file work32.txt (compact mmCIF, C-alpha atoms)
# COMPACT_ATOMS: atom_id res chain seq x y z
CA MET W 1479 0.00 0.00 0.00
CA ALA W 1480 1.73 3.14 -1.26
CA ASP W 1481 -0.13 6.44 -0.89
CA GLY W 1482 2.43 8.41 -2.87
CA SER W 1483 3.66 10.43 0.11
CA GLY W 1484 6.96 8.60 0.57
CA GLU W 1485 10.16 8.23 -1.40
CA PRO W 1486 10.42 5.84 -4.38
CA SER W 1487 13.39 4.20 -2.66
CA GLU W 1488 11.12 3.13 0.22
CA LEU W 1489 8.78 1.43 -2.23
CA LYS W 1490 11.69 -0.34 -3.91
CA ILE W 1491 13.02 -1.62 -0.58
CA THR W 1492 9.58 -2.91 0.41
CA PHE W 1493 9.14 -4.63 -2.96
CA GLU W 1494 12.52 -6.35 -2.66
CA ARG W 1495 11.71 -7.35 0.92
CA PHE W 1496 8.59 -9.20 -0.16
CA ARG W 1497 10.23 -10.61 -3.27
CA THR W 1498 12.42 -12.73 -0.99
CA ILE W 1499 9.23 -14.30 0.41
CA PHE W 1500 6.77 -14.41 -2.50
CA ASP W 1501 6.99 -14.71 -6.26
CA THR W 1502 6.93 -11.36 -8.09
CA ALA W 1503 3.77 -12.43 -9.90
CA HIS W 1504 1.99 -12.41 -6.54
CA ILE W 1505 3.05 -8.93 -5.41
CA LEU W 1506 0.63 -6.05 -6.01
CA VAL W 1507 1.14 -2.34 -5.49
CA VAL W 1508 -1.88 -0.18 -4.74
CA THR W 1509 -1.17 3.51 -5.17
CA LEU W 1510 -2.60 6.77 -6.45
CA ALA W 1511 -3.00 7.16 -10.19
CA GLY W 1512 -0.68 10.15 -10.12
CA TRP W 1513 2.14 7.97 -8.85
CA ALA W 1514 1.79 5.30 -11.53
CA GLU W 1515 4.81 6.32 -13.60
CA VAL W 1516 7.00 6.59 -10.50
CA VAL W 1517 6.08 3.01 -9.58
CA ARG W 1518 6.70 1.72 -13.11
CA VAL W 1519 10.15 3.30 -13.20
CA THR W 1520 11.06 2.30 -9.64
CA ILE W 1521 10.03 -1.35 -9.92
CA PRO W 1522 9.99 -2.26 -13.63
CA GLU W 1523 9.82 -5.94 -12.64
CA LEU W 1524 6.25 -5.47 -11.38
CA PRO W 1525 3.77 -7.06 -13.82
CA ALA W 1526 1.55 -4.41 -15.41
CA GLY W 1527 -1.59 -6.08 -14.11
CA ASN W 1528 -0.27 -5.94 -10.55
CA LEU W 1529 -0.37 -2.14 -10.34
CA LEU W 1530 -3.74 -1.01 -8.96
CA LEU W 1531 -4.40 2.69 -9.26
CA GLU W 1532 -6.69 4.61 -6.91
CA PRO W 1533 -8.26 7.80 -8.31
CA TYR W 1534 -8.16 9.51 -4.89
CA ALA W 1535 -6.56 8.99 -1.49
CA ARG W 1536 -9.16 7.52 0.84
CA LYS W 1537 -7.00 5.78 3.49
CA THR W 1538 -6.54 2.05 3.97
CA ALA W 1539 -10.08 0.66 4.12
CA PRO W 1540 -11.03 1.66 0.54
CA CYS W 1541 -7.54 0.65 -0.59
CA MET W 1542 -8.04 -2.81 0.90
CA ALA W 1543 -11.54 -3.15 -0.53
CA TYR W 1544 -10.20 -2.46 -4.02
CA ALA W 1545 -7.29 -4.88 -3.63
CA THR W 1546 -9.44 -7.59 -2.06
CA TYR W 1547 -12.06 -7.57 -4.79
CA HIS W 1548 -9.30 -7.60 -7.40
CA LEU W 1549 -7.63 -10.61 -5.78
CA LEU W 1550 -10.91 -12.48 -5.35
CA LYS W 1551 -11.41 -12.23 -9.11
CA ARG W 1552 -8.00 -13.84 -9.59
CA ASN W 1553 -8.27 -16.47 -6.91
CA PRO W 1554 -11.22 -16.88 -4.50
CA ASP W 1555 -8.87 -18.67 -2.07
CA ALA W 1556 -6.26 -15.90 -2.03
CA LEU W 1557 -4.44 -14.99 1.17
CA ILE W 1558 -3.35 -11.37 1.60
CA VAL W 1559 -0.30 -9.92 3.32
CA ALA W 1560 -0.96 -6.18 3.41
CA SER W 1561 1.90 -3.83 4.18
CA PRO W 1562 2.58 -0.09 3.98
CA SER W 1563 5.47 0.81 1.70
CA ASP W 1564 7.36 2.95 4.21
CA ALA W 1565 8.29 0.67 7.12
CA VAL W 1566 11.82 -0.17 8.19
CA ILE W 1567 12.61 -3.84 8.84
CA ARG W 1568 16.05 -4.54 10.29
CA ASP W 1569 16.13 -8.36 10.32
CA GLN W 1570 14.88 -9.51 6.94
CA ASN W 1571 15.33 -13.23 7.63
CA LEU W 1572 13.35 -13.07 10.86
CA PHE W 1573 10.71 -10.95 9.12
CA ALA W 1574 10.31 -13.58 6.40
CA ARG W 1575 10.00 -16.39 8.96
CA THR W 1576 7.45 -14.42 10.98
CA VAL W 1577 5.32 -13.65 7.93
CA LEU W 1578 5.30 -17.26 6.76
CA GLU W 1579 4.46 -18.56 10.25
CA ALA W 1580 1.60 -16.07 10.54
CA CYS W 1581 0.40 -17.01 7.05
CA LYS W 1582 0.23 -20.66 8.06
CA TYR W 1583 -1.95 -19.80 11.05
CA VAL W 1584 -4.23 -17.62 8.92
CA GLU W 1585 -4.58 -20.35 6.31
CA GLU W 1586 -6.02 -22.60 9.01
CA ASN W 1587 -8.13 -19.99 10.86
CA ASP W 1588 -10.55 -17.27 9.76
CA VAL W 1589 -8.83 -14.46 11.64
CA LEU W 1590 -7.63 -10.95 10.89
CA MET W 1591 -3.97 -11.00 11.91
CA THR W 1592 -1.77 -8.02 12.71
CA LEU W 1593 1.98 -8.33 13.18
CA GLY W 1594 2.43 -6.82 16.65
CA ILE W 1595 5.86 -5.47 17.51
CA VAL W 1596 7.25 -6.18 20.96
CA PRO W 1597 7.89 -2.57 22.13
CA ARG W 1598 11.43 -1.48 22.95
CA ASN W 1599 10.31 1.63 24.83
CA ALA W 1600 7.26 3.74 25.66
CA ASP W 1601 7.11 5.49 22.28
CA THR W 1602 4.06 7.74 22.02
CA ASN W 1603 4.20 7.97 18.23
CA TYR W 1604 2.83 4.46 17.69
CA GLY W 1605 -0.53 2.82 18.20
CA TYR W 1606 -0.68 0.05 20.81
CA ILE W 1607 -2.55 -3.26 20.74
CA GLN W 1608 -3.49 -5.07 23.95
CA VAL W 1609 -3.99 -8.85 23.90
CA LYS W 1610 -6.28 -10.97 26.06
CA GLU W 1611 -3.59 -13.31 27.33
CA GLY W 1612 -2.49 -10.85 30.01
CA ARG W 1613 0.84 -9.92 31.54
CA ASN W 1614 4.05 -10.92 29.75
CA ALA W 1615 2.14 -12.09 26.69
CA HIS W 1616 5.06 -10.83 24.62
CA LEU W 1617 7.06 -13.82 25.89
CA MET W 1618 4.61 -16.42 24.57
CA GLY W 1619 5.63 -16.32 20.91
CA VAL W 1620 2.27 -17.64 19.67
CA PRO W 1621 -0.77 -16.01 18.02
CA LEU W 1622 -2.68 -13.93 20.57
CA GLN W 1623 -6.25 -12.65 20.62
CA VAL W 1624 -6.64 -8.87 20.52
CA LYS W 1625 -8.41 -7.09 23.38
CA THR W 1626 -8.06 -3.35 22.68
CA PHE W 1627 -6.49 -0.79 20.34
CA THR W 1628 -5.10 2.52 21.61
CA GLU W 1629 -3.90 5.18 19.20
CA LYS W 1630 -0.77 7.11 20.28
CA PRO W 1631 -1.20 7.21 24.09
CA PRO W 1632 0.35 9.87 26.34
CA LYS W 1633 3.78 9.07 27.79
CA ASP W 1634 2.64 7.94 31.24
CA LEU W 1635 0.08 5.55 29.77
CA ALA W 1636 2.56 4.19 27.22
CA GLU W 1637 4.97 3.44 30.06
CA VAL W 1638 2.26 1.42 31.84
CA PHE W 1639 1.52 -0.43 28.60
CA VAL W 1640 5.13 -1.45 28.10
CA ARG W 1641 5.59 -2.59 31.72
CA THR W 1642 2.67 -5.01 31.55
CA GLY W 1643 4.00 -6.98 28.59
CA GLU W 1644 0.50 -7.32 27.18
CA PHE W 1645 0.73 -4.42 24.72
CA PHE W 1646 2.42 -4.35 21.32
CA TRP W 1647 3.15 -1.66 18.77
CA ASN W 1648 0.78 -1.73 15.83
CA SER W 1649 2.92 -2.32 12.72
CA GLY W 1650 0.08 -1.83 10.24
CA ILE W 1651 1.09 -5.10 8.56
CA PHE W 1652 -1.92 -7.38 8.21
CA ILE W 1653 -2.47 -10.99 7.10
CA TRP W 1654 -5.85 -12.52 6.25
CA LYS W 1655 -7.78 -14.53 3.71
CA ALA W 1656 -9.31 -12.38 0.99
CA GLU W 1657 -12.73 -13.89 1.64
CA THR W 1658 -12.45 -13.26 5.40
CA ILE W 1659 -11.58 -9.58 5.05
CA ARG W 1660 -14.27 -9.19 2.37
CA ARG W 1661 -16.96 -10.44 4.76
CA GLN W 1662 -15.62 -8.39 7.68
CA MET W 1663 -15.42 -5.19 5.65
CA GLU W 1664 -18.91 -5.68 4.28
CA LEU W 1665 -20.07 -6.09 7.89
CA TYR W 1666 -18.22 -3.18 9.49
CA VAL W 1667 -17.63 -0.63 6.71
CA PRO W 1668 -20.62 -1.05 4.37
CA GLU W 1669 -20.32 2.65 3.57
CA VAL W 1670 -17.17 1.65 1.67
CA THR W 1671 -18.04 -1.76 0.28
CA GLU W 1672 -21.49 -0.75 -1.00
CA LEU W 1673 -19.75 1.64 -3.37
CA PHE W 1674 -18.00 -1.35 -4.95
CA ARG W 1675 -21.24 -3.24 -5.58
CA GLY W 1676 -20.94 -4.80 -9.03
CA TRP W 1677 -17.18 -5.30 -8.68
CA GLU W 1678 -17.43 -8.78 -10.21
CA GLU W 1679 -18.18 -7.26 -13.64
CA HIS W 1680 -17.03 -3.65 -13.47
CA LEU W 1681 -13.93 -3.37 -11.25
CA GLU W 1682 -11.56 -2.73 -14.19
CA GLU W 1683 -13.70 0.07 -15.61
CA PRO W 1684 -12.24 3.56 -14.91
CA GLU W 1685 -15.72 5.07 -14.59
CA PHE W 1686 -16.66 2.50 -11.94
CA LEU W 1687 -13.59 3.26 -9.81
CA GLU W 1688 -13.97 7.00 -10.29
CA LYS W 1689 -17.54 6.93 -8.98
CA ALA W 1690 -16.74 4.60 -6.09
CA TYR W 1691 -13.76 6.63 -4.89
CA SER W 1692 -15.36 10.02 -5.41
CA GLU W 1693 -18.12 9.04 -2.97
CA CYS W 1694 -15.94 7.03 -0.61
CA PRO W 1695 -15.29 8.23 2.96
CA ARG W 1696 -11.75 8.29 4.37
CA ILE W 1697 -11.58 5.32 6.73
CA SER W 1698 -8.61 3.32 8.01
CA LEU W 1699 -8.64 -0.45 8.45
CA ASP W 1700 -7.88 -0.04 12.15
CA THR W 1701 -10.76 2.28 13.03
CA GLY W 1702 -13.18 0.85 10.49
CA VAL W 1703 -12.69 -2.87 10.99
CA MET W 1704 -10.00 -3.98 13.46
CA GLU W 1705 -11.38 -2.06 16.45
CA HIS W 1706 -14.80 -3.69 16.03
CA THR W 1707 -14.28 -7.23 14.77
CA ASP W 1708 -14.19 -10.27 17.06
CA ARG W 1709 -11.69 -11.89 14.70
CA ALA W 1710 -8.72 -9.62 15.49
CA TRP W 1711 -5.54 -11.53 16.39
CA LEU W 1712 -1.92 -10.54 16.80
CA TYR W 1713 1.29 -12.35 15.91
CA PRO W 1714 4.19 -11.22 18.16
CA ALA W 1715 7.20 -9.96 16.21
CA SER W 1716 10.73 -8.87 17.13
CA PHE W 1717 12.37 -8.41 13.72
CA GLY W 1718 13.37 -4.79 14.31
CA TRP W 1719 10.59 -2.55 13.01
CA ALA W 1720 10.19 1.20 12.78
CA ASP W 1721 7.95 3.65 11.04
CA ILE W 1722 10.19 5.29 8.40
CA TYR W 1723 9.28 8.72 9.77
CA ARG W 1724 10.52 7.81 13.23
CA LEU W 1725 14.14 7.03 12.32

call {"tool": "encode", "arguments": {"input": "work32.txt", "output": "structure tokens"}}
result
Amino acid sequence: MADGSGEPSELKITFERFRTIFDTAHILVVTLAGWAEVVRVTIPELPAGNLLLEPYARKTAPCMAYATYHLLKRNPDALIVASPSDAVIRDQNLFARTVLEACKYVEENDVLMTLGIVPRNADTNYGYIQVKEGRNAHLMGVPLQVKTFTEKPPKDLAEVFVRTGEFFWNSGIFIWKAETIRRQMELYVPEVTELFRGWEEHLEEPEFLEKAYSECPRISLDTGVMEHTDRAWLYPASFGWADIYRL
């Protein structure tokens, strides 16, 4: 997911990161139409049909709806690993292992998985996810059920979160079956998905996308879906993550 606000080099790094895990034919870039040429020049290896262009920036829920419907047309059994294009990953090998382990769990369970980063400090610039397993859950190393989301807490609260061991940084990297996220989005953000009604026949038509996006509200996946669903899970991760803007 590339909203066009970052540097082309960040997109290239993210593409190469995922190319060590998945075949290039299975990597899609969703970005704004105005950034299309930048993407084509930056990652010429990307198949033309794998570049999905949004007419307008509407945050991650509409972006995911578009990508999900596109992938369901290709393969109804598709599994999605959704990532922003501007994250820093320090241990690529551990990242790859973590993603594949989480994918295996998602293949066997209808859950919406977030890679949760074991926090190194009480950083107030990140969102936090609390899990139901309680204190020191970060030591368990297994999929955990999500309890609450907190967006950028004040310093004193963040310090409490970190001490408990039951809170993780929200990486914004998600893993789920295309069909599972389709059903959950249609349940929790119908104001988005209703605009894509008829996607089975018309998704590739510019006029269809233009109308859908022009009427679409700006909603994130976190606030629109993840904070409401009972299928939210977290996979603990310690591969060295940072938001690019926080380096």

call {"tool": "closest_residue", "arguments": {"input": "work32.txt", "among": "W:Thr1502, W:Gln1608, W:Ser1483, W:Thr1642", "to": "W:Glu1705", "atoms": "only C-alpha atoms"}}
result
W:Gln1608

call {"tool": "atom_distance", "arguments": {"input": "work32.txt", "atom1": "atom CA of W:Leu1529", "atom2": "atom CA of W:Val1507"}}
result
5.1 Å

call {"tool": "residues_around", "arguments": {"input": "work32.txt", "residues": "W:Arg1495", "least_positions_apart": "5", "cutoff": "12 Å", "atoms": "all atoms listed in the file", "output": "MDAnalysis selection string"}}
result
chainID W and resid 1488:1490 1500:1502 1505 1561 1563:1574 1577

call {"tool": "write_last_selection", "arguments": {"input": "work32.txt", "atoms": "C-alpha atoms", "output": "PDB file, in the frame of the given file"}}
result
ATOM      1  CA  GLU W1488      11.120   3.130   0.220  1.00  0.00           C
ATOM      2  CA  LEU W1489       8.780   1.430  -2.230  1.00  0.00           C
ATOM      3  CA  LYS W1490      11.690  -0.340  -3.910  1.00  0.00           C
ATOM      4  CA  PHE W1500       6.770 -14.410  -2.500  1.00  0.00           C
ATOM      5  CA  ASP W1501       6.990 -14.710  -6.260  1.00  0.00           C
ATOM      6  CA  THR W1502       6.930 -11.360  -8.090  1.00  0.00           C
ATOM      7  CA  ILE W1505       3.050  -8.930  -5.410  1.00  0.00           C
ATOM      8  CA  SER W1561       1.900  -3.830   4.180  1.00  0.00           C
ATOM      9  CA  SER W1563       5.470   0.810   1.700  1.00  0.00           C
ATOM     10  CA  ASP W1564       7.360   2.950   4.210  1.00  0.00           C
ATOM     11  CA  ALA W1565       8.290   0.670   7.120  1.00  0.00           C
ATOM     12  CA  VAL W1566      11.820  -0.170   8.190  1.00  0.00           C
ATOM     13  CA  ILE W1567      12.610  -3.840   8.840  1.00  0.00           C
ATOM     14  CA  ARG W1568      16.050  -4.540  10.290  1.00  0.00           C
ATOM     15  CA  ASP W1569      16.130  -8.360  10.320  1.00  0.00           C
ATOM     16  CA  GLN W1570      14.880  -9.510   6.940  1.00  0.00           C
ATOM     17  CA  ASN W1571      15.330 -13.230   7.630  1.00  0.00           C
ATOM     18  CA  LEU W1572      13.350 -13.070  10.860  1.00  0.00           C
ATOM     19  CA  PHE W1573      10.710 -10.950   9.120  1.00  0.00           C
ATOM     20  CA  ALA W1574      10.310 -13.580   6.400  1.00  0.00           C
ATOM     21  CA  VAL W1577       5.320 -13.650   7.930  1.00  0.00           C
TER      22      VAL W1577
END

call {"tool": "atom_distance", "arguments": {"input": "work32.txt", "atom1": "atom CA of W:Glu1485", "atom2": "atom CA of W:Pro1714"}}
result
28.2 Å

call {"tool": "atom_distance", "arguments": {"input": "work32.txt", "atom1": "atom CA of W:Pro1597", "atom2": "atom CA of W:Lys1582"}}
result
24.2 Å

call {"tool": "closest_residue", "arguments": {"input": "work32.txt", "among": "W:Ala1503, W:Ala1511, W:Ile1491, W:Ala1656", "to": "W:Ile1558", "atoms": "only C-alpha atoms"}}
result
W:Ala1656

call {"tool": "closest_residue", "arguments": {"input": "work32.txt", "among": "W:Val1624, W:Val1508, W:Val1670, W:Val1609", "to": "W:Glu1644", "atoms": "all atoms listed in the file"}}
result
W:Val1609

call {"tool": "residues_around", "arguments": {"input": "work32.txt", "residues": "stretch 1683-1685 of chain W", "least_positions_apart": "5", "cutoff": "12 Å", "atoms": "all atoms listed in the file", "output": "VMD selection string"}}
result
chain W and resid 1511 1530 to 1533 1674 1676 to 1678 1690 to 1692

call {"tool": "closest_residue", "arguments": {"input": "work32.txt", "among": "W:Leu1510, W:Ile1651, W:Leu1549, W:Leu1712", "to": "W:Val1620", "atoms": "only C-alpha atoms"}}
result
W:Leu1712

call {"tool": "closest_residue", "arguments": {"input": "work32.txt", "among": "W:Leu1617, W:Ala1600, W:Ile1521, W:Ile1499", "to": "W:Cys1581", "atoms": "only C-alpha atoms"}}
result
W:Ile1499

call {"tool": "closest_residue", "arguments": {"input": "work32.txt", "among": "W:Ile1595, W:Leu1524, W:Leu1635, W:Ala1539", "to": "W:Tyr1666", "atoms": "all atoms listed in the file"}}
result
W:Ala1539
